[in-house]
>>> print(open('query_36.cif').read())   # mmCIF, C-alpha atoms and all ligand atoms
data_coords
loop_
_atom_site.label_atom_id
_atom_site.label_comp_id
_atom_site.auth_asym_id
_atom_site.auth_seq_id
_atom_site.Cartn_x
_atom_site.Cartn_y
_atom_site.Cartn_z
CA MET A 638 -116.94 98.67 -77.40
CA LYS A 639 -120.33 96.97 -77.76
CA ILE A 640 -122.10 95.02 -80.48
CA ASP A 641 -124.37 97.34 -82.48
CA ASN A 642 -128.01 97.25 -81.44
CA SER A 643 -127.25 95.26 -78.31
CA VAL A 644 -129.93 97.34 -76.64
CA TYR A 645 -131.59 94.63 -74.56
CA ASN A 646 -130.82 93.97 -70.94
CA PHE A 647 -129.55 90.57 -69.85
CA GLU A 648 -132.90 89.26 -68.66
CA GLU A 649 -134.83 89.98 -71.87
CA ALA A 650 -132.05 89.01 -74.32
CA GLU A 651 -132.07 85.82 -76.41
CA ILE A 652 -128.40 86.24 -77.43
CA VAL A 653 -125.71 87.37 -75.00
CA PHE A 654 -122.23 88.35 -76.18
CA ALA A 655 -119.41 88.22 -73.66
CA GLY A 656 -115.72 88.90 -74.11
CA ALA A 657 -113.48 86.66 -72.01
CA PRO A 658 -109.98 87.95 -72.76
CA LEU A 659 -108.40 85.60 -70.28
CA ALA A 660 -104.68 84.87 -70.61
CA ARG A 661 -103.69 82.53 -67.78
CA SER A 662 -100.79 80.63 -69.35
CA LYS A 663 -97.24 81.43 -68.26
CA THR A 664 -96.41 82.94 -71.61
CA PRO A 665 -99.64 84.72 -72.48
CA ASN A 666 -99.86 87.10 -75.36
CA PRO A 667 -101.03 90.27 -73.59
CA LEU A 668 -102.20 91.66 -76.91
CA ALA A 669 -104.74 88.82 -77.16
CA ARG A 670 -106.78 90.81 -74.68
CA LYS A 671 -107.82 93.00 -77.55
CA ALA A 672 -109.49 90.11 -79.39
CA PRO A 673 -113.09 90.57 -78.14
CA ASP A 674 -113.16 94.22 -79.22
CA LEU A 675 -111.54 93.51 -82.59
CA LEU A 676 -114.20 90.87 -83.14
CA ARG A 677 -116.99 93.27 -82.13
CA PHE A 678 -115.62 95.87 -84.55
CA SER A 679 -115.67 93.29 -87.37
CA LEU A 680 -119.16 92.09 -86.54
CA ASN A 681 -120.51 95.64 -86.52
CA ASN A 682 -119.26 96.03 -90.10
CA LYS A 683 -120.95 92.92 -91.51
CA TYR A 684 -124.10 92.74 -93.60
CA ASP A 685 -126.77 91.42 -91.27
CA TYR A 686 -129.53 90.87 -93.85
CA ASP A 687 -130.64 87.26 -94.25
CA PRO A 688 -132.08 86.52 -97.70
CA LEU A 689 -133.70 83.26 -96.49
CA THR A 690 -136.05 84.99 -94.05
CA GLY A 691 -135.88 88.55 -95.41
CA LEU A 692 -134.93 89.72 -91.91
CA ASN A 693 -131.99 91.65 -90.42
CA VAL A 694 -130.13 90.02 -87.55
CA PHE A 695 -129.56 93.23 -85.59
CA ASP A 696 -133.22 94.30 -85.94
CA GLU A 697 -134.79 90.95 -85.09
CA LEU A 698 -132.69 89.23 -82.44
CA ARG A 699 -132.77 90.49 -78.88
CA ILE A 700 -129.04 90.96 -78.25
CA HIS A 701 -127.26 91.90 -75.04
CA ASP A 702 -123.54 92.61 -74.83
CA SER A 703 -122.09 91.97 -71.37
CA GLY A 704 -118.78 93.58 -72.24
CA ASN A 705 -115.66 91.76 -71.13
CA ALA A 706 -116.46 89.43 -68.26
CA LYS A 707 -114.06 89.34 -65.31
CA ASN A 708 -115.82 86.26 -64.01
CA LEU A 709 -117.29 84.25 -66.87
CA GLY A 710 -118.65 81.53 -64.58
CA ARG A 711 -120.68 84.03 -62.59
CA LEU A 712 -122.15 85.53 -65.77
CA LEU A 713 -123.12 82.09 -67.14
CA SER A 714 -124.68 81.06 -63.86
CA ARG A 715 -127.31 83.78 -64.46
CA ARG A 716 -128.47 82.04 -67.67
CA VAL A 717 -132.18 81.39 -68.07
CA MET A 718 -132.84 80.84 -71.80
CA GLN A 719 -130.10 82.97 -73.38
CA LYS A 720 -127.63 81.66 -75.95
CA PHE A 721 -124.10 82.82 -75.14
CA PHE A 722 -121.48 83.87 -77.71
CA ILE A 723 -118.18 84.04 -75.84
CA ILE A 724 -115.07 85.59 -77.39
CA GLY A 725 -111.77 84.50 -75.82
CA GLY A 726 -109.25 84.47 -74.54
CA GLU A 727 -107.37 81.25 -74.16
CA HIS A 728 -108.97 77.84 -74.45
CA THR A 729 -109.01 77.58 -70.65
CA ILE A 730 -112.28 79.54 -70.62
CA THR A 731 -114.10 76.53 -72.07
CA TYR A 732 -113.63 74.62 -68.85
CA ASP A 733 -114.90 77.56 -66.78
CA ALA A 734 -117.99 77.77 -68.99
CA VAL A 735 -118.78 74.06 -69.28
CA LYS A 736 -118.40 73.53 -65.54
CA VAL A 737 -121.12 76.08 -64.80
CA LEU A 738 -123.52 75.27 -67.67
CA ASN A 739 -123.32 71.53 -67.09
CA LYS A 740 -124.89 72.11 -63.68
CA SER A 741 -127.98 73.88 -65.04
CA VAL A 742 -128.44 72.29 -68.49
CA LYS A 743 -129.76 68.76 -68.82
CA ASP A 744 -127.70 66.27 -70.86
CA LEU A 745 -125.25 68.87 -72.19
CA HIS A 746 -123.19 67.78 -75.21
CA VAL A 747 -119.80 69.45 -75.69
CA ILE A 748 -118.41 69.73 -79.22
CA ILE A 749 -114.77 70.76 -79.42
CA PHE A 750 -113.25 72.07 -82.66
CA ASP A 751 -109.47 72.26 -82.35
CA ALA A 752 -106.29 71.29 -84.21
CA HIS A 753 -104.92 70.10 -80.86
CA ALA A 754 -106.15 67.63 -78.27
CA ASP A 755 -105.32 69.93 -75.32
CA ALA A 756 -105.17 66.83 -73.14
CA ARG A 757 -101.71 67.02 -71.62
CA SER A 758 -101.36 65.96 -68.01
CA LYS A 759 -98.89 68.75 -67.24
CA GLY A 760 -98.17 72.18 -68.61
CA GLU A 761 -100.10 75.28 -69.49
CA ASP A 762 -103.76 75.41 -68.53
CA ASN A 763 -104.93 75.85 -72.11
CA ALA A 764 -103.11 72.66 -73.16
CA CYS A 765 -104.75 70.51 -70.46
CA PHE A 766 -108.37 71.56 -70.44
CA LEU A 767 -109.83 68.43 -72.10
CA ARG A 768 -108.76 66.33 -69.09
CA LYS A 769 -110.67 68.68 -66.81
CA ILE A 770 -113.77 68.61 -69.03
CA VAL A 771 -113.83 64.80 -68.87
CA ASP A 772 -114.12 65.15 -65.10
CA GLU A 773 -117.32 67.19 -65.56
CA VAL A 774 -119.07 65.73 -68.62
CA PRO A 775 -119.46 62.02 -69.52
CA ALA A 776 -117.08 61.06 -72.34
CA GLU A 777 -119.97 59.93 -74.58
CA ASN A 778 -121.25 63.54 -74.55
CA ILE A 779 -117.92 64.94 -75.72
CA HIS A 780 -117.35 65.19 -79.50
CA LEU A 781 -114.01 66.14 -81.03
CA ILE A 782 -113.62 67.63 -84.50
CA GLY A 783 -110.46 68.57 -86.42
CA GLN A 784 -107.77 67.37 -83.97
CA ARG A 785 -104.68 66.40 -85.96
CA VAL A 786 -101.57 66.73 -83.75
CA PHE A 787 -101.04 64.95 -80.44
CA SER A 788 -98.46 63.85 -77.97
CA GLY A 789 -98.42 60.10 -77.26
CA GLU A 790 -99.79 60.79 -73.81
CA GLU A 791 -102.72 62.75 -75.23
CA HIS A 792 -103.53 60.07 -77.78
CA GLU A 793 -103.52 57.42 -75.08
CA PHE A 794 -105.82 59.53 -72.91
CA MET A 795 -108.31 59.88 -75.74
CA GLU A 796 -108.31 56.16 -76.48
CA GLU A 797 -108.67 55.31 -72.83
CA HIS A 798 -111.79 57.48 -72.54
CA GLY A 799 -113.24 56.54 -75.93
CA LEU A 800 -112.97 60.14 -77.17
CA LYS A 801 -113.38 60.00 -80.93
CA ILE A 802 -112.47 62.52 -83.60
CA HIS A 803 -115.39 63.00 -85.96
CA GLU A 804 -115.17 63.96 -89.61
CA SER A 805 -118.69 65.32 -89.39
CA LEU A 806 -121.37 65.16 -86.72
CA ASP A 807 -125.08 64.41 -87.04
CA LEU A 808 -126.34 65.41 -83.60
CA LYS A 809 -130.03 66.28 -83.41
CA ASN A 810 -132.24 67.85 -80.71
CA LYS A 811 -129.46 68.04 -78.12
CA ASN A 812 -128.43 70.82 -75.78
CA ILE A 813 -125.03 71.75 -77.15
CA TYR A 814 -121.97 73.70 -76.06
CA ILE A 815 -119.56 74.38 -78.92
CA SER A 816 -115.96 75.34 -78.36
CA PHE A 817 -114.28 76.65 -81.48
CA ASP A 818 -110.51 76.99 -81.26
CA ILE A 819 -109.87 78.98 -84.41
CA ASP A 820 -106.70 76.98 -85.17
CA VAL A 821 -108.91 74.13 -86.38
CA VAL A 822 -109.33 76.08 -89.63
CA ASP A 823 -106.81 76.24 -92.48
CA CYS A 824 -104.31 78.93 -91.31
CA VAL A 825 -104.88 80.90 -94.50
CA HIS A 826 -108.25 81.96 -93.06
CA VAL A 827 -107.02 82.59 -89.50
CA PRO A 828 -103.46 83.95 -89.79
CA THR A 829 -103.39 85.26 -86.21
CA CYS A 830 -104.38 82.17 -84.30
CA SER A 831 -102.09 81.48 -81.32
CA THR A 832 -100.69 78.09 -82.35
CA PRO A 833 -101.09 77.55 -86.10
CA GLU A 834 -101.14 74.03 -87.54
CA PRO A 835 -101.25 73.25 -91.26
CA PHE A 836 -103.73 70.88 -92.95
CA GLY A 837 -106.89 72.34 -91.46
CA LYS A 838 -110.09 72.23 -93.51
CA SER A 839 -111.51 75.40 -95.03
CA LEU A 840 -113.57 78.04 -93.26
CA GLU A 841 -116.45 77.13 -95.55
CA TYR A 842 -116.36 73.53 -94.35
CA TYR A 843 -116.57 74.55 -90.69
CA ASN A 844 -119.15 77.22 -91.42
CA ASP A 845 -121.48 74.63 -92.97
CA LEU A 846 -120.96 72.19 -90.11
CA LEU A 847 -121.60 74.84 -87.44
CA VAL A 848 -124.71 76.13 -89.22
CA LYS A 849 -126.05 72.56 -89.38
CA LEU A 850 -125.34 71.95 -85.69
CA CYS A 851 -127.08 75.21 -84.71
CA ARG A 852 -130.13 74.45 -86.87
CA ASN A 853 -130.56 70.88 -85.63
CA ASN A 854 -129.86 71.38 -81.93
CA ASN A 855 -130.43 73.75 -79.06
CA LEU A 856 -127.31 75.90 -78.83
CA ILE A 857 -126.63 76.85 -75.23
CA SER A 858 -123.31 78.55 -75.81
CA ILE A 859 -120.42 78.80 -78.25
CA ASP A 860 -116.93 80.10 -77.60
CA PHE A 861 -114.28 81.29 -80.06
CA VAL A 862 -110.79 81.09 -78.60
CA GLU A 863 -107.03 81.40 -79.17
CA PHE A 864 -106.81 84.60 -81.18
CA SER A 865 -103.31 86.00 -80.90
CA GLY A 866 -104.47 89.58 -81.15
CA LYS A 867 -101.91 92.11 -82.30
CA GLU A 868 -103.96 94.17 -84.70
CA TYR A 869 -107.06 93.94 -86.78
CA ASP A 870 -106.62 91.45 -89.61
CA ILE A 871 -108.62 89.05 -91.78
CA THR A 872 -108.87 86.51 -88.90
CA TYR A 873 -111.38 88.73 -87.10
CA SER A 874 -113.33 89.51 -90.22
CA ASN A 875 -113.60 85.82 -91.12
CA ILE A 876 -114.72 84.68 -87.67
CA ALA A 877 -117.19 87.59 -87.54
CA SER A 878 -118.73 86.37 -90.82
CA LEU A 879 -119.01 82.89 -89.35
CA ILE A 880 -120.75 84.30 -86.26
CA MET A 881 -123.14 86.31 -88.42
CA ASN A 882 -124.12 83.13 -90.30
CA LEU A 883 -124.82 81.39 -86.99
CA LEU A 884 -126.95 84.30 -85.76
CA LYS A 885 -129.01 84.05 -88.95
CA THR A 886 -129.97 80.47 -88.03
CA PHE A 887 -131.92 81.88 -85.06
CA LEU A 888 -134.12 84.16 -87.19
CA LYS A 889 -137.75 83.11 -87.40
CA GLU A 890 -139.99 84.23 -90.23
MN MN A 901 -105.61 74.56 -80.52
#
>>> encode(input="query_36.cif", output="structure tokens")
Amino acid sequence: MKIDNSVYNFEEAEIVFAGAPLARSKTPNPLARKAPDLLRFSLNNKYDYDPLTGLNVFDELRIHDSGNAKNLGRLLSRRVMQKFFIIGGEHTITYDAVKVLNKSVKDLHVIIFDAHADARSKGEDNACFLRKIVDEVPAENIHLIGQRVFSGEEHEFMEEHGLKIHESLDLKNKNIYISFDIDVVDCVHVPTCSTPEPFGKSLEYYNDLLVKLCRNNNLISIDFVEFSGKEYDITYSNIASLIMNLLKTFLKE
């Protein structure tokens, strides 16, 4: 399945969609592999008209859909000016992506939305990835939002590296990579996230924050991870609406 109107080739595109249905943990949910296509299906059924500019997203933006990438790093290494929308997959893909983009993008800031710290020293890949990111990107360029459950070891790691959890974030004119683990949101809006945690803020809250970050900065790439798949449900529709709102921020009158 492809995103509607993704008729541009990679070189001429300004937006590139890539599925990354990676499941590397020891107990992966094999059905999560369906997530990128379920998300594409949802996105293709959204209104793409933007009342602010009077333009339609699918008519105006030059979109390429790379399908489901076997090697995400290789795909990202071909980036020239494109903005990448990556649909996971487990959170592990963030490390693969940041490692490559941090080499080609100057002063990359990484903003991680997640209910969890994912900073364990041992265990599944997707629960350890923050430690690996700190090896690539200076801690002052890493911004955490929404983390609310930790192990003692994770909390200590964050304090040691000065990694702060922000309520909101006023970054401006930066090159940004956003990682959006859907479990950051109130579970009501994302019932099929892999590891649900209560007490998340609303989808509206995160929508507004993401729109602001995309308007005020240069988005290099954003990933959406930790869908638990199964079948089409409101999770996909909600995240597709969020993505549509972000795409609208790139429309120019
Ligand atoms: Mn999480």
>>> atom_distance(input="query_36.cif", atom1="atom CA of A:Lys707", atom2="atom CA of A:Ala657")
7.2 Å
>>> atom_distance(input="query_36.cif", atom1="atom CA of A:Leu781", atom2="atom CA of A:Ala706")
26.7 Å
>>> axis_aligned_box(input="query_36.cif", around="stretch 693-701 of chain A", padding_each_side="8 Å", output="JSON")
{"center_x": -131.0, "center_y": 91.8, "center_z": -82.7, "size_x": 23.5, "size_y": 21.1, "size_z": 31.4}
>>> closest_residue(input="query_36.cif", among="A:Val717, A:Ile876, A:Ala756, A:Val694", to="A:Ile819", atoms="all atoms listed in the file")
A:Ile876
>>> atom_distance(input="query_36.cif", atom1="atom CA of A:Ser839", atom2="atom CA of A:Asp823")
5.4 Å
>>> closest_residue(input="query_36.cif", among="A:His746, A:Arg715, A:Arg785, A:Lys639", to="ligand MN 901 (chain A)", atoms="all atoms listed in the file")
A:Arg785
>>> closest_residue(input="query_36.cif", among="A:Met795, A:Leu808, A:Ile857, A:Ile749", to="A:His780", atoms="only C-alpha atoms")
A:Ile749
>>> closest_residue(input="query_36.cif", among="A:Tyr869, A:Phe695, A:Tyr684, A:Tyr732", to="A:Ile815", atoms="all atoms listed in the file")
A:Tyr732
>>> residues_around(input="query_36.cif", residues="A:Val862", least_positions_apart="3", cutoff="8 Å", atoms="only C-alpha atoms", output="CSV table (one decimal) with C-alpha atoms, in the coordinates of the input")
chain,number,residue,atom,x,y,z
A,724,ILE,CA,-115.1,85.6,-77.4
A,725,GLY,CA,-111.8,84.5,-75.8
A,726,GLY,CA,-109.2,84.5,-74.5
A,727,GLU,CA,-107.4,81.2,-74.2
A,728,HIS,CA,-109.0,77.8,-74.4
A,816,SER,CA,-116.0,75.3,-78.4
A,817,PHE,CA,-114.3,76.6,-81.5
A,818,ASP,CA,-110.5,77.0,-81.3
A,819,ILE,CA,-109.9,79.0,-84.4
>>> residues_near_ligand(input="query_36.cif", ligand="ligand MN 901 (chain A)", cutoff="9 Å", atoms="all atoms listed in the file", output="list of chain:residue names")
A:His728, A:Phe750, A:Asp751, A:Ala752, A:His753, A:Ala754, A:Asp755, A:Asn763, A:Ala764, A:Gln784, A:Phe817, A:Asp818, A:Ile819, A:Asp820, A:Val821, A:Cys830, A:Ser831, A:Thr832, A:Pro833, A:Glu834, A:Val862, A:Glu863
>>> closest_residue(input="query_36.cif", among="A:Ile652, A:Gly710, A:Thr729, A:Leu738", to="A:Glu761", atoms="only C-alpha atoms")
A:Thr729
>>> residues_around(input="query_36.cif", residues="stretch 646-650 of chain A", least_positions_apart="5", cutoff="12 Å", atoms="only C-alpha atoms", output="list in words")
Ala655, Glu697, Leu698, Arg699, Ile700, His701, Asp702, Ser703, Gly704, Leu712, Leu713, Arg715, Arg716, Val717, Met718, Gln719, Lys720 and Phe721 of chain A
>>> residues_around(input="query_36.cif", residues="A:Lys809", least_positions_apart="5", cutoff="9 Å", atoms="all atoms listed in the file", output="PyMOL selection string")
chain A and resi 850+852-855
>>> residues_around(input="query_36.cif", residues="A:Val735", least_positions_apart="4", cutoff="9 Å", atoms="all atoms listed in the file", output="ChimeraX atom specification")
/A:710,730-731,739-740,745,747,770,773-774,814
>>> closest_residue(input="query_36.cif", among="A:Thr886, A:Ser643, A:Ser805, A:Asn681", to="A:Tyr873", atoms="only C-alpha atoms")
A:Asn681
>>> decode(input="query_36.cif", residues="stretch 704-730 of chain A", atoms="C-alpha atoms", output="PDB file, in the first residue's frame")
ATOM      1  CA  GLY A 704       7.227   1.527   1.114  1.00  0.00           C
ATOM      2  CA  ASN A 705       8.487  -0.515   4.032  1.00  0.00           C
ATOM      3  CA  ALA A 706      12.226  -0.074   4.418  1.00  0.00           C
ATOM      4  CA  LYS A 707      14.331  -3.165   5.083  1.00  0.00           C
ATOM      5  CA  ASN A 708      17.283  -0.950   5.900  1.00  0.00           C
ATOM      6  CA  LEU A 709      16.103   2.367   7.324  1.00  0.00           C
ATOM      7  CA  GLY A 710      19.642   3.679   7.836  1.00  0.00           C
ATOM      8  CA  ARG A 711      20.486   3.218   4.174  1.00  0.00           C
ATOM      9  CA  LEU A 712      17.319   5.044   3.100  1.00  0.00           C
ATOM     10  CA  LEU A 713      18.017   7.981   5.445  1.00  0.00           C
ATOM     11  CA  SER A 714      21.613   8.228   4.295  1.00  0.00           C
ATOM     12  CA  ARG A 715      20.251   9.264   0.861  1.00  0.00           C
ATOM     13  CA  ARG A 716      18.591  12.357   2.376  1.00  0.00           C
ATOM     14  CA  VAL A 717      19.264  15.698   0.713  1.00  0.00           C
ATOM     15  CA  MET A 718      16.477  18.091   1.809  1.00  0.00           C
ATOM     16  CA  GLN A 719      13.576  15.680   2.367  1.00  0.00           C
ATOM     17  CA  LYS A 720      11.580  15.503   5.590  1.00  0.00           C
ATOM     18  CA  PHE A 721      11.037  11.890   6.654  1.00  0.00           C
ATOM     19  CA  PHE A 722       7.853  10.505   8.228  1.00  0.00           C
ATOM     20  CA  ILE A 723       8.744   7.064   9.569  1.00  0.00           C
ATOM     21  CA  ILE A 724       6.085   4.625  10.771  1.00  0.00           C
ATOM     22  CA  GLY A 725       7.347   1.898  13.126  1.00  0.00           C
ATOM     23  CA  GLY A 726       7.981  -0.583  14.306  1.00  0.00           C
ATOM     24  CA  GLU A 727       9.540  -0.711  17.711  1.00  0.00           C
ATOM     25  CA  HIS A 728      11.266   2.239  19.342  1.00  0.00           C
ATOM     26  CA  THR A 729      14.631   0.729  18.392  1.00  0.00           C
ATOM     27  CA  ILE A 730      14.301   2.325  14.943  1.00  0.00           C
TER      28      ILE A 730
END
